[in-house]
file work_25.txt (compact mmCIF, C-alpha atoms and all ligand atoms)
# COMPACT_ATOMS: atom_id res chain seq x y z
CA MET A 1 131.73 92.57 112.33
CA LYS A 2 129.38 90.70 110.04
CA GLU A 3 129.76 90.97 106.30
CA SER A 4 126.94 92.94 104.63
CA ALA A 5 124.34 90.36 103.51
CA THR A 6 123.51 92.32 100.39
CA LEU A 7 127.14 92.58 99.28
CA ALA A 8 127.70 88.87 100.03
CA VAL A 9 124.86 87.89 97.68
CA ALA A 10 126.16 90.23 95.00
CA ALA A 11 129.60 88.60 95.26
CA ARG A 12 128.16 85.07 94.93
CA ALA A 13 126.02 86.06 91.95
CA ALA A 14 129.02 87.76 90.30
CA ALA A 15 131.11 84.61 90.77
CA LEU A 16 128.43 82.50 89.04
CA LYS A 17 128.16 85.03 86.22
CA LYS A 18 131.92 84.86 85.73
CA GLN A 19 131.54 81.11 85.18
CA GLY A 20 129.16 81.93 82.32
CA VAL A 21 125.90 81.23 84.21
CA ASP A 22 122.91 83.40 83.16
CA VAL A 23 122.14 84.85 86.60
CA VAL A 24 119.24 87.24 87.18
CA ALA A 25 120.49 89.60 89.89
CA PHE A 26 117.76 90.93 92.18
CA GLY A 27 120.32 91.52 94.93
CA THR A 28 121.92 94.94 95.15
CA GLY A 29 119.93 98.06 95.89
CA GLU A 30 120.96 100.53 93.25
CA PRO A 31 119.25 102.08 90.24
CA ASP A 32 120.19 100.57 86.88
CA PHE A 33 120.17 104.04 85.28
CA ASP A 34 123.18 106.24 84.58
CA THR A 35 123.55 109.59 86.34
CA PRO A 36 121.73 112.35 84.39
CA ALA A 37 124.04 114.06 81.89
CA ASN A 38 123.62 117.60 83.29
CA ILE A 39 124.84 116.42 86.72
CA LYS A 40 127.89 114.70 85.23
CA ALA A 41 128.65 117.81 83.15
CA ALA A 42 128.60 120.02 86.27
CA ALA A 43 131.25 117.83 87.93
CA GLU A 44 133.33 117.69 84.73
CA ARG A 45 133.28 121.49 84.41
CA ALA A 46 134.32 121.90 88.05
CA LEU A 47 137.14 119.39 87.63
CA GLN A 48 138.42 121.11 84.49
CA ALA A 49 138.16 124.49 86.23
CA GLY A 50 140.52 123.26 88.93
CA GLN A 51 138.13 122.67 91.84
CA THR A 52 140.54 120.05 93.11
CA LYS A 53 141.49 121.39 96.54
CA TYR A 54 140.21 120.84 100.07
CA VAL A 55 137.00 122.69 100.86
CA ALA A 56 135.24 123.09 104.21
CA THR A 57 134.52 119.70 105.84
CA PRO A 58 130.69 119.98 105.62
CA GLY A 59 130.84 121.17 102.01
CA THR A 60 130.88 124.46 100.12
CA ALA A 61 128.54 127.30 101.05
CA GLU A 62 126.78 126.91 97.66
CA ALA A 63 126.14 123.17 98.03
CA ARG A 64 124.94 123.49 101.63
CA ALA A 65 122.68 126.39 100.60
CA ALA A 66 121.22 124.28 97.75
CA ILE A 67 120.44 121.47 100.20
CA ALA A 68 118.95 123.89 102.75
CA ALA A 69 116.76 125.37 100.01
CA LYS A 70 115.66 121.89 98.89
CA LEU A 71 114.75 120.86 102.44
CA SER A 72 112.83 124.09 103.05
CA ARG A 73 111.03 123.96 99.68
CA GLU A 74 110.26 120.27 99.26
CA ASN A 75 110.22 118.90 102.81
CA ARG A 76 109.09 122.00 104.73
CA ILE A 77 112.10 121.62 107.02
CA ALA A 78 113.13 125.16 107.92
CA CYS A 79 116.86 124.89 107.52
CA ALA A 80 120.00 127.01 107.15
CA PRO A 81 123.25 125.97 105.42
CA GLU A 82 124.96 125.72 108.86
CA ASP A 83 122.46 123.01 109.87
CA ILE A 84 123.84 120.68 107.19
CA SER A 85 126.86 118.54 106.54
CA ILE A 86 127.59 116.77 103.25
CA THR A 87 128.94 113.26 103.72
CA ALA A 88 130.37 110.32 101.77
CA GLY A 89 126.92 108.80 101.16
CA ALA A 90 123.89 108.51 103.42
CA LYS A 91 125.59 105.54 105.09
CA HIS A 92 128.43 107.76 106.28
CA ALA A 93 125.85 110.33 107.41
CA ILE A 94 124.08 107.70 109.54
CA TYR A 95 127.41 106.52 110.96
CA LEU A 96 128.33 110.09 111.96
CA VAL A 97 124.86 110.77 113.41
CA LEU A 98 124.97 107.66 115.59
CA GLN A 99 128.56 108.23 116.73
CA THR A 100 127.64 111.80 117.70
CA MET A 101 124.36 110.93 119.42
CA VAL A 102 124.80 107.55 121.10
CA GLU A 103 126.66 106.86 124.36
CA PRO A 104 127.42 103.29 125.48
CA GLY A 105 124.23 101.61 126.69
CA ASP A 106 121.90 104.08 124.98
CA GLU A 107 119.01 102.55 123.06
CA VAL A 108 117.96 103.26 119.50
CA VAL A 109 114.50 102.01 118.58
CA LEU A 110 114.33 100.48 115.11
CA PRO A 111 111.11 99.46 113.35
CA THR A 112 111.90 96.28 111.43
CA PRO A 113 112.33 94.78 108.87
CA ALA A 114 114.97 97.48 108.35
CA TRP A 115 118.06 98.15 106.22
CA VAL A 116 120.91 95.79 107.12
CA SER A 117 123.37 98.51 108.16
CA TYR A 118 121.34 100.16 110.91
CA ARG A 119 121.96 97.54 113.60
CA PRO A 120 125.75 97.30 113.05
CA LEU A 121 126.06 101.08 112.95
CA ILE A 122 124.05 101.46 116.19
CA GLU A 123 126.18 98.79 117.86
CA LEU A 124 129.41 100.29 116.55
CA ALA A 125 128.43 103.48 118.39
CA GLY A 126 128.03 101.47 121.62
CA GLY A 127 124.25 101.52 121.47
CA ARG A 128 121.61 98.83 121.84
CA CYS A 129 119.33 98.25 118.89
CA ILE A 130 115.75 97.74 120.08
CA GLU A 131 113.80 96.13 117.27
CA VAL A 132 110.08 96.77 116.88
CA PRO A 133 108.71 94.24 114.41
CA GLY A 134 106.22 95.40 111.80
CA ALA A 135 103.77 92.60 111.02
CA LEU A 136 103.27 91.40 107.46
CA ALA A 137 99.53 91.56 108.11
CA ASN A 138 99.89 95.28 108.88
CA GLY A 139 101.92 95.99 105.73
CA PHE A 140 105.16 95.86 107.80
CA LYS A 141 104.10 99.08 109.55
CA VAL A 142 104.68 99.46 113.27
CA THR A 143 101.87 100.97 115.33
CA PRO A 144 102.10 103.91 117.75
CA ALA A 145 101.32 101.49 120.62
CA GLN A 146 104.24 99.24 119.65
CA LEU A 147 106.56 102.24 119.46
CA ALA A 148 105.41 103.60 122.82
CA ALA A 149 106.06 100.22 124.45
CA ALA A 150 109.66 100.18 123.14
CA ILE A 151 110.70 103.57 124.54
CA THR A 152 112.59 103.54 127.85
CA PRO A 153 114.57 106.14 129.84
CA ARG A 154 117.68 104.95 127.90
CA THR A 155 116.14 105.61 124.47
CA VAL A 156 117.92 108.37 122.57
CA ALA A 157 116.28 108.04 119.17
CA VAL A 158 113.77 106.27 116.97
CA LEU A 159 115.17 105.50 113.54
CA LEU A 160 112.56 105.82 110.80
CA ASN A 161 113.00 104.91 107.13
CA SER A 162 110.08 105.62 104.82
CA PRO A 163 109.92 104.56 102.01
CA SER A 164 111.52 101.46 103.45
CA ASN A 165 114.38 99.23 102.45
CA PRO A 166 113.60 96.26 102.43
CA CYS A 167 109.81 96.46 102.80
CA GLY A 168 109.11 98.53 99.67
CA MET A 169 106.36 100.36 101.50
CA ALA A 170 105.92 103.96 102.59
CA TYR A 171 104.00 105.20 105.59
CA THR A 172 101.25 107.75 104.90
CA PRO A 173 101.74 111.23 106.41
CA ASP A 174 99.05 110.45 109.02
CA GLU A 175 100.77 107.22 110.05
CA LEU A 176 104.15 108.96 110.35
CA ARG A 177 102.61 111.83 112.33
CA ALA A 178 101.08 109.33 114.76
CA LEU A 179 104.52 107.74 115.33
CA CYS A 180 106.06 111.21 115.78
CA ASP A 181 103.39 112.07 118.37
CA VAL A 182 104.62 109.12 120.45
CA VAL A 183 108.17 110.49 120.28
CA ALA A 184 106.96 114.03 121.02
CA ALA A 185 105.57 112.77 124.34
CA HIS A 186 109.11 111.72 125.38
CA PRO A 187 111.29 114.86 125.43
CA HIS A 188 114.52 112.85 125.84
CA VAL A 189 113.98 111.03 122.51
CA GLY A 190 114.76 112.24 118.99
CA VAL A 191 114.02 110.97 115.50
CA ILE A 192 116.57 109.97 112.89
CA SER A 193 114.67 110.05 109.59
CA ASP A 194 116.38 108.30 106.68
CA GLU A 195 114.64 109.72 103.61
CA ILE A 196 116.98 108.35 100.94
CA TYR A 197 114.02 106.88 98.97
CA GLU A 198 111.75 109.93 99.34
CA LYS A 199 111.46 110.53 95.59
CA LEU A 200 110.70 106.89 94.83
CA THR A 201 107.07 106.51 95.81
CA TYR A 202 104.34 105.16 93.57
CA PRO A 203 100.95 106.77 94.11
CA GLU A 204 100.08 104.79 90.95
CA GLN A 205 100.13 101.73 93.24
CA CYS A 206 98.61 103.41 96.30
CA PRO A 207 96.45 106.46 95.58
CA GLY A 208 97.00 109.34 97.95
CA LEU A 209 100.51 108.34 98.95
CA ALA A 210 102.45 111.55 99.66
CA PRO A 211 105.84 112.36 101.14
CA TRP A 212 106.07 113.82 104.63
CA SER A 213 109.14 114.61 106.71
CA PRO A 214 109.26 114.32 110.51
CA GLY A 215 111.68 117.29 110.40
CA SER A 216 108.74 119.48 109.37
CA TYR A 217 106.68 118.60 112.46
CA ALA A 218 106.57 121.47 114.96
CA PRO A 219 106.09 119.29 118.11
CA LEU A 220 109.49 117.71 117.33
CA ALA A 221 111.34 120.96 116.57
CA GLY A 222 115.08 120.59 117.21
CA ARG A 223 114.78 116.82 117.80
CA VAL A 224 114.84 115.49 114.24
CA VAL A 225 117.94 114.55 112.29
CA THR A 226 117.14 114.14 108.60
CA VAL A 227 119.39 112.01 106.41
CA ASN A 228 119.22 111.96 102.64
CA GLY A 229 121.53 111.87 99.63
CA MET A 230 121.97 111.60 95.91
CA SER A 231 122.38 107.83 95.52
CA LYS A 232 118.92 106.56 94.73
CA ALA A 233 116.78 109.36 93.24
CA PHE A 234 119.58 110.70 91.03
CA ALA A 235 121.20 107.34 90.16
CA MET A 236 124.48 108.40 91.81
CA THR A 237 125.35 105.46 94.08
CA GLY A 238 129.00 105.41 93.02
CA TRP A 239 129.56 109.10 93.65
CA ARG A 240 129.07 108.65 97.41
CA ILE A 241 127.12 111.81 98.26
CA GLY A 242 124.84 112.02 101.27
CA TYR A 243 123.88 114.69 103.74
CA VAL A 244 122.54 115.24 107.22
CA ALA A 245 120.44 118.14 108.50
CA ALA A 246 119.58 118.91 112.11
CA PRO A 247 118.10 122.41 112.41
CA GLY A 248 117.53 123.70 115.92
CA ALA A 249 119.60 120.90 117.47
CA GLY A 250 122.16 123.15 119.17
CA ALA A 251 125.70 121.79 118.98
CA PHE A 252 124.74 118.57 117.20
CA ILE A 253 125.91 119.44 113.68
CA PRO A 254 129.10 121.26 114.86
CA GLU A 255 130.02 118.19 116.96
CA LEU A 256 129.27 115.85 114.05
CA ILE A 257 131.49 117.97 111.79
CA LYS A 258 134.35 117.69 114.32
CA LEU A 259 134.20 113.90 113.96
CA GLN A 260 133.89 114.11 110.18
CA ALA A 261 136.90 116.43 110.06
CA GLN A 262 139.02 113.73 111.73
CA MET A 263 137.75 111.03 109.38
CA THR A 264 137.24 112.13 105.81
CA ASN A 265 137.02 115.93 105.60
CA ASN A 266 135.02 117.09 102.61
CA ILE A 267 133.80 114.80 99.86
CA PRO A 268 135.47 115.57 96.47
CA ALA A 269 135.41 119.33 95.87
CA PHE A 270 134.32 119.00 92.23
CA PHE A 271 131.16 117.15 93.29
CA MET A 272 129.87 120.28 95.02
CA PRO A 273 128.55 121.95 91.83
CA ALA A 274 127.04 118.58 90.84
CA ILE A 275 124.97 118.66 94.04
CA VAL A 276 123.70 122.14 93.18
CA GLU A 277 122.88 120.93 89.65
CA ALA A 278 121.14 117.76 90.88
CA LEU A 279 118.88 119.76 93.18
CA SER A 280 118.01 122.31 90.48
CA ASP A 281 114.86 122.25 88.35
CA ARG A 282 116.98 121.12 85.42
CA SER A 283 117.27 117.60 86.89
CA ALA A 284 113.60 117.19 87.81
CA PRO A 285 112.36 115.75 84.45
CA GLU A 286 115.04 113.06 84.43
CA VAL A 287 114.38 112.16 88.10
CA GLU A 288 110.68 111.84 87.28
CA ARG A 289 111.43 109.72 84.19
CA MET A 290 113.37 107.26 86.38
CA ARG A 291 110.63 107.29 89.04
CA LYS A 292 108.04 106.44 86.38
CA ALA A 293 110.17 103.53 85.19
CA PHE A 294 110.35 102.21 88.77
CA ALA A 295 106.58 102.72 89.13
CA ALA A 296 106.01 100.55 86.03
CA ARG A 297 108.24 97.85 87.52
CA ALA A 298 106.38 98.07 90.84
CA ALA A 299 103.18 97.42 88.87
CA ILE A 300 104.75 94.27 87.35
CA VAL A 301 105.94 93.05 90.75
CA ASN A 302 102.55 93.74 92.32
CA GLU A 303 100.86 91.80 89.52
CA LEU A 304 103.18 88.79 89.38
CA LEU A 305 104.34 88.11 92.96
CA PRO A 306 100.87 87.44 94.43
CA ALA A 307 100.47 84.66 91.84
CA ILE A 308 103.55 82.78 93.10
CA PRO A 309 102.60 79.73 95.13
CA ARG A 310 103.60 79.81 98.83
CA PHE A 311 104.60 83.49 98.72
CA ALA A 312 103.03 86.07 101.05
CA ASN A 313 103.85 89.67 100.37
CA VAL A 314 102.90 93.30 100.70
CA ARG A 315 102.32 95.55 97.66
CA SER A 316 105.38 97.58 96.72
CA THR A 317 104.57 101.27 96.88
CA GLY A 318 108.00 102.82 97.46
CA ALA A 319 111.76 102.31 96.98
CA PHE A 320 112.50 99.41 94.59
CA TYR A 321 111.97 96.36 96.75
CA ALA A 322 109.55 93.55 97.47
CA PHE A 323 110.01 91.54 100.65
CA PRO A 324 107.94 88.36 100.42
CA SER A 325 107.70 85.75 103.13
CA VAL A 326 108.71 82.23 102.09
CA ALA A 327 107.59 80.74 105.42
CA ALA A 328 105.17 78.43 103.60
CA CYS A 329 108.17 76.78 101.86
CA LYS A 330 109.72 75.64 105.15
CA GLY A 331 110.03 71.89 105.49
CA LEU A 332 110.10 71.38 101.71
CA ARG A 333 112.98 70.32 99.45
CA SER A 334 114.21 71.78 96.17
CA PRO A 335 114.52 69.61 93.03
CA GLY A 336 118.29 69.53 93.77
CA GLY A 337 117.61 68.11 97.25
CA ARG A 338 118.24 71.25 99.31
CA ALA A 339 116.17 71.56 102.49
CA ILE A 340 114.30 74.87 102.83
CA THR A 341 114.38 75.96 106.47
CA ASP A 342 114.26 79.78 106.19
CA GLY A 343 114.90 82.70 103.83
CA GLN A 344 118.63 81.99 103.82
CA SER A 345 118.32 78.38 102.62
CA TYR A 346 115.59 79.41 100.15
CA ALA A 347 117.86 82.12 98.68
CA GLU A 348 120.84 79.75 98.46
CA ALA A 349 118.80 77.05 96.70
CA LEU A 350 117.20 79.61 94.37
CA LEU A 351 120.59 80.96 93.31
CA ALA A 352 122.18 77.53 92.89
CA GLU A 353 119.29 75.90 91.02
CA ALA A 354 117.26 78.68 89.35
CA HIS A 355 120.06 81.26 89.03
CA VAL A 356 118.20 84.15 90.60
CA ALA A 357 119.97 86.21 93.27
CA VAL A 358 117.78 87.55 96.09
CA VAL A 359 118.87 88.66 99.57
CA PRO A 360 117.90 86.47 102.55
CA GLY A 361 115.85 88.37 105.12
CA GLY A 362 117.64 87.51 108.38
CA ASP A 363 119.92 90.56 108.47
CA PHE A 364 116.94 92.89 108.05
CA GLY A 365 115.64 92.03 111.52
CA ASP A 366 114.86 89.18 113.90
CA CYS A 367 111.31 89.06 112.48
CA ALA A 368 112.53 88.74 108.90
CA ALA A 369 114.37 85.39 108.79
CA ASP A 370 111.64 83.79 106.67
CA HIS A 371 111.67 86.55 104.06
CA VAL A 372 113.76 87.35 100.99
CA ARG A 373 114.33 90.72 99.36
CA ILE A 374 113.79 91.21 95.66
CA THR A 375 115.18 94.40 94.09
CA PHE A 376 113.39 95.59 90.97
CA ALA A 377 116.11 97.92 89.71
CA CYS A 378 116.40 96.20 86.33
CA ASP A 379 114.66 96.35 82.96
CA GLU A 380 111.18 94.90 82.64
CA ALA A 381 112.20 91.88 80.54
CA THR A 382 114.80 90.84 83.15
CA LEU A 383 112.26 91.41 85.91
CA ARG A 384 109.70 89.15 84.21
CA LYS A 385 112.33 86.49 83.48
CA GLY A 386 113.55 86.44 87.09
CA ILE A 387 110.06 86.32 88.58
CA ALA A 388 109.09 83.48 86.19
CA ARG A 389 112.13 81.52 87.42
CA ILE A 390 111.20 82.22 91.05
CA ALA A 391 107.62 81.06 90.41
CA GLU A 392 108.77 77.85 88.74
CA PHE A 393 111.36 77.11 91.43
CA THR A 394 108.94 77.80 94.29
CA GLY A 395 106.25 75.68 92.66
CA SER A 396 108.73 72.82 92.25
CA LEU A 397 109.47 72.52 95.99
CA ARG A 398 108.21 69.24 97.45
C1 LIG B 1 117.64 102.78 103.73
C2 LIG B 1 118.98 103.15 103.21
N1 LIG B 1 119.65 104.14 103.79
C3 LIG B 1 120.87 104.51 103.37
C4 LIG B 1 121.48 103.86 102.32
C5 LIG B 1 122.87 104.28 101.92
O1 LIG B 1 122.89 105.12 100.83
P1 LIG B 1 124.24 105.75 100.30
O2 LIG B 1 124.53 105.08 99.02
O3 LIG B 1 123.92 107.20 100.11
O4 LIG B 1 125.29 105.54 101.32
C6 LIG B 1 120.83 102.81 101.68
C7 LIG B 1 121.50 102.07 100.59
O5 LIG B 1 121.18 100.99 100.23
C8 LIG B 1 119.54 102.45 102.13
O6 LIG B 1 118.87 101.46 101.55
call {"tool": "encode", "arguments": {"input": "work_25.txt", "output": "structure tokens", "more": "lines below"}}
Ligand SMILES: Cc1ncc(COP(=O)(O)O)c(C=O)c1O
result
Amino acid sequence: MKESATLAVAARAAALKKQGVDVVAFGTGEPDFDTPANIKAAAERALQAGQTKYVATPGTAEARAAIAAKLSRENRIACAPEDISITAGAKHAIYLVLQTMVEPGDEVVLPTPAWVSYRPLIELAGGRCIEVPGALANGFKVTPAQLAAAITPRTVAVLLNSPSNPCGMAYTPDELRALCDVVAAHPHVGVISDEIYEKLTYPEQCPGLAPWSPGSYAPLAGRVVTVNGMSKAFAMTGWRIGYVAAPGAGAFIPELIKLQAQMTNNIPAFFMPAIVEALSDRSAPEVERMRKAFAARAAIVNELLPAIPRFANVRSTGAFYAFPSVAACKGLRSPGGRAITDGQSYAEALLAEAHVAVVPGGDFGDCAADHVRITFACDEATLRKGIARIAEFTGSLR
């Protein structure tokens, strides 16, 4: 298997840092905030109270009930605790979903540019990844006509991710509904909806932007698998807590739990009360404080990136990413003599000569080779410093 492109960049940037180089790291996709104190305290209390034993594979009744209540309340996904399994991160949830759903030769339709792990996870399950490229000119959004053209008798699912990694955009509810209507017309196809960035949208940058979950859409009842987790909205990447919900999908969740039971069993038992705490009203102010900080950074990115010569990009309205095209740099050379032929060579030259780590676009989809991903999960001063270096470097290409 291929190494994860994002982790490879992080490793190279870390190696430079170790040599004493002042690297601005726009590589990895995780919040720079610490986990809110009340969530940590809930895990500490549970640990001290001796919640250190195995629990049921999909999680405790209380944690599953808290997730079911959240999905019903916030996402309008009518859901019972039995429809849910708690996993070791959203990545593990997606792995389990694909292993449970996909038979060899089945096709999973993937709007791209898309998160680097989807294709390997689809292929690991024996499936074929059918990419549907979202055009830069259309804000990276795929159209219902494009989606309809990609569906075949072998399609088992369409994998949606809004807000998107790496595009930094979110579909509007109307746009998502139109894509779901295409799926609804094909009864053999389901939707896998990865909503890990649902709480990180910036109506400040796009008035009227609102969350909407395919799992709430009646025409798709029983055909939507929703994936979410704690990593991004609650600044809990290192805890490894995700979950999957598939109400009305018959044996799907019980079969998924059988696989999970042979792999990992439950995630740490003393995290269960932390999940309940994270999803309580007590965490909401802190989650909103972090969202506001990301919104302010999105405003900086949206102000500064369009001014960079030879960059073409879409406004960031969700998650914490910008995904500019550097196609206009192709054929040029860096001051250090490096030839720019695509996003990969641009990113390598940028790191070596301007000491800014960004992720080359190629692993995000066949259409994305001329892009780079910039993560704005850092303080505003670092963000401005890194973007100034990118602007100077890009302007210096000849
Ligand atoms: C779109 C998307 N889905 C899922 C994940 C995985 O999240 P987790 O940390 O919960 O495994 C990520 C992490 O980068 C992501 O960007």
call {"tool": "atom_distance", "arguments": {"input": "work_25.txt", "atom1": "CA of Gln99 (chain A)", "atom2": "CA of Gln260 (chain A)"}}
result
10.3 Å
call {"tool": "closest_residue", "arguments": {"input": "work_25.txt", "among": "A:Trp212, A:Trp239, A:Phe294, A:Tyr95", "to": "Glu175 (chain A)", "atoms": "all atoms listed in the file"}}
result
A:Trp212
call {"tool": "residues_around", "arguments": {"input": "work_25.txt", "residues": "Pro214 (chain A)", "least_positions_apart": "5", "cutoff": "7 Å", "atoms": "all atoms listed in the file", "output": "PyMOL selection string"}}
result
chain A and resi 180+193+224
call {"tool": "residues_near_ligand", "arguments": {"input": "work_25.txt", "ligand": "ligand LIG 1 (chain B)", "cutoff": "10 Å", "atoms": "all atoms listed in the file", "output": "number ranges by chain"}}
result
A: 6, 28-30, 87-95, 114-118, 160-166, 193-197, 227-232, 235-243, 319-321
call {"tool": "atom_distance", "arguments": {"input": "work_25.txt", "atom1": "CA of Val287 (chain A)", "atom2": "CA of Ile275 (chain A)"}}
result
13.8 Å
call {"tool": "atom_distance", "arguments": {"input": "work_25.txt", "atom1": "CA of Gly318 (chain A)", "atom2": "CA of Val359 (chain A)"}}
result
18.0 Å
call {"tool": "closest_residue", "arguments": {"input": "work_25.txt", "among": "A:Leu305, A:Val183, A:Ala78, A:Cys167", "to": "Ala135 (chain A)", "atoms": "all atoms listed in the file"}}
result
A:Cys167
call {"tool": "residues_near_point", "arguments": {"input": "work_25.txt", "point": "(120.8, 105.4, 124.9)", "cutoff": "9 Å", "atoms": "all atoms listed in the file", "output": "mmCIF file with C-alpha atoms, keeping the file's coordinate frame"}}
result
data_model
loop_
_atom_site.group_PDB
_atom_site.id
_atom_site.type_symbol
_atom_site.label_atom_id
_atom_site.label_comp_id
_atom_site.auth_asym_id
_atom_site.auth_seq_id
_atom_site.Cartn_x
_atom_site.Cartn_y
_atom_site.Cartn_z
ATOM 1 C CA MET A 101 124.360 110.930 119.420
ATOM 2 C CA VAL A 102 124.800 107.550 121.100
ATOM 3 C CA GLU A 103 126.660 106.860 124.360
ATOM 4 C CA PRO A 104 127.420 103.290 125.480
ATOM 5 C CA GLY A 105 124.230 101.610 126.690
ATOM 6 C CA ASP A 106 121.900 104.080 124.980
ATOM 7 C CA GLU A 107 119.010 102.550 123.060
ATOM 8 C CA VAL A 108 117.960 103.260 119.500
ATOM 9 C CA GLY A 126 128.030 101.470 121.620
ATOM 10 C CA GLY A 127 124.250 101.520 121.470
ATOM 11 C CA ARG A 128 121.610 98.830 121.840
ATOM 12 C CA THR A 152 112.590 103.540 127.850
ATOM 13 C CA PRO A 153 114.570 106.140 129.840
ATOM 14 C CA ARG A 154 117.680 104.950 127.900
ATOM 15 C CA THR A 155 116.140 105.610 124.470
ATOM 16 C CA VAL A 156 117.920 108.370 122.570
ATOM 17 C CA ALA A 157 116.280 108.040 119.170
#
call {"tool": "residues_around", "arguments": {"input": "work_25.txt", "residues": "Asp181 (chain A)", "least_positions_apart": "2", "cutoff": "12 Å", "atoms": "all atoms listed in the file", "output": "PDB file with C-alpha atoms, in the frame of the given file"}}
result
ATOM      1  CA  THR A 143     101.870 100.970 115.330  1.00  0.00           C
ATOM      2  CA  PRO A 144     102.100 103.910 117.750  1.00  0.00           C
ATOM      3  CA  ALA A 145     101.320 101.490 120.620  1.00  0.00           C
ATOM      4  CA  LEU A 147     106.560 102.240 119.460  1.00  0.00           C
ATOM      5  CA  ALA A 148     105.410 103.600 122.820  1.00  0.00           C
ATOM      6  CA  VAL A 158     113.770 106.270 116.970  1.00  0.00           C
ATOM      7  CA  ASP A 174      99.050 110.450 109.020  1.00  0.00           C
ATOM      8  CA  GLU A 175     100.770 107.220 110.050  1.00  0.00           C
ATOM      9  CA  LEU A 176     104.150 108.960 110.350  1.00  0.00           C
ATOM     10  CA  ARG A 177     102.610 111.830 112.330  1.00  0.00           C
ATOM     11  CA  ALA A 178     101.080 109.330 114.760  1.00  0.00           C
ATOM     12  CA  LEU A 179     104.520 107.740 115.330  1.00  0.00           C
ATOM     13  CA  VAL A 183     108.170 110.490 120.280  1.00  0.00           C
ATOM     14  CA  ALA A 184     106.960 114.030 121.020  1.00  0.00           C
ATOM     15  CA  ALA A 185     105.570 112.770 124.340  1.00  0.00           C
ATOM     16  CA  HIS A 186     109.110 111.720 125.380  1.00  0.00           C
ATOM     17  CA  PRO A 187     111.290 114.860 125.430  1.00  0.00           C
ATOM     18  CA  VAL A 189     113.980 111.030 122.510  1.00  0.00           C
ATOM     19  CA  GLY A 190     114.760 112.240 118.990  1.00  0.00           C
ATOM     20  CA  VAL A 191     114.020 110.970 115.500  1.00  0.00           C
ATOM     21  CA  PRO A 214     109.260 114.320 110.510  1.00  0.00           C
ATOM     22  CA  TYR A 217     106.680 118.600 112.460  1.00  0.00           C
ATOM     23  CA  ALA A 218     106.570 121.470 114.960  1.00  0.00           C
ATOM     24  CA  PRO A 219     106.090 119.290 118.110  1.00  0.00           C
ATOM     25  CA  LEU A 220     109.490 117.710 117.330  1.00  0.00           C
TER      26      LEU A 220
END
call {"tool": "closest_residue", "arguments": {"input": "work_25.txt", "among": "A:Val225, A:Thr317, A:Ser216, A:Met263", "to": "Pro203 (chain A)", "atoms": "only C-alpha atoms"}}
result
A:Thr317
call {"tool": "residues_around", "arguments": {"input": "work_25.txt", "residues": "Phe311 (chain A)", "least_positions_apart": "3", "cutoff": "12 Å", "atoms": "only C-alpha atoms", "output": "PDB file with C-alpha atoms, keeping the file's coordinate frame"}}
result
ATOM      1  CA  LEU A 136     103.270  91.400 107.460  1.00  0.00           C
ATOM      2  CA  LEU A 304     103.180  88.790  89.380  1.00  0.00           C
ATOM      3  CA  LEU A 305     104.340  88.110  92.960  1.00  0.00           C
ATOM      4  CA  PRO A 306     100.870  87.440  94.430  1.00  0.00           C
ATOM      5  CA  ALA A 307     100.470  84.660  91.840  1.00  0.00           C
ATOM      6  CA  ILE A 308     103.550  82.780  93.100  1.00  0.00           C
ATOM      7  CA  VAL A 314     102.900  93.300 100.700  1.00  0.00           C
ATOM      8  CA  ALA A 322     109.550  93.550  97.470  1.00  0.00           C
ATOM      9  CA  PHE A 323     110.010  91.540 100.650  1.00  0.00           C
ATOM     10  CA  PRO A 324     107.940  88.360 100.420  1.00  0.00           C
ATOM     11  CA  SER A 325     107.700  85.750 103.130  1.00  0.00           C
ATOM     12  CA  VAL A 326     108.710  82.230 102.090  1.00  0.00           C
ATOM     13  CA  ALA A 327     107.590  80.740 105.420  1.00  0.00           C
ATOM     14  CA  ALA A 328     105.170  78.430 103.600  1.00  0.00           C
ATOM     15  CA  CYS A 329     108.170  76.780 101.860  1.00  0.00           C
ATOM     16  CA  LYS A 330     109.720  75.640 105.150  1.00  0.00           C
ATOM     17  CA  GLY A 343     114.900  82.700 103.830  1.00  0.00           C
ATOM     18  CA  TYR A 346     115.590  79.410 100.150  1.00  0.00           C
ATOM     19  CA  ASP A 370     111.640  83.790 106.670  1.00  0.00           C
ATOM     20  CA  HIS A 371     111.670  86.550 104.060  1.00  0.00           C
ATOM     21  CA  VAL A 372     113.760  87.350 100.990  1.00  0.00           C
ATOM     22  CA  ILE A 387     110.060  86.320  88.580  1.00  0.00           C
ATOM     23  CA  ILE A 390     111.200  82.220  91.050  1.00  0.00           C
ATOM     24  CA  ALA A 391     107.620  81.060  90.410  1.00  0.00           C
ATOM     25  CA  PHE A 393     111.360  77.110  91.430  1.00  0.00           C
ATOM     26  CA  THR A 394     108.940  77.800  94.290  1.00  0.00           C
ATOM     27  CA  GLY A 395     106.250  75.680  92.660  1.00  0.00           C
TER      28      GLY A 395
END
call {"tool": "residues_around", "arguments": {"input": "work_25.txt", "residues": "Asp379 (chain A)", "least_positions_apart": "2", "cutoff": "9 Å", "atoms": "only C-alpha atoms", "output": "PyMOL selection string"}}
result
chain A and resi 32+293+297+376-377+381-384
call {"tool": "axis_aligned_box", "arguments": {"input": "work_25.txt", "around": "region 68-75 of chain A", "padding_each_side": "4 Å", "output": "lines of an AutoDock Vina configuration file"}}
result
center_x = 114.6
center_y = 122.1
center_z = 101.0
size_x = 16.7
size_y = 14.5
size_z = 12.2
call {"tool": "closest_residue", "arguments": {"input": "work_25.txt", "among": "A:Ala150, A:Asn75, A:Ala233, A:Tyr54", "to": "Glu286 (chain A)", "atoms": "only C-alpha atoms"}}
result
A:Ala233
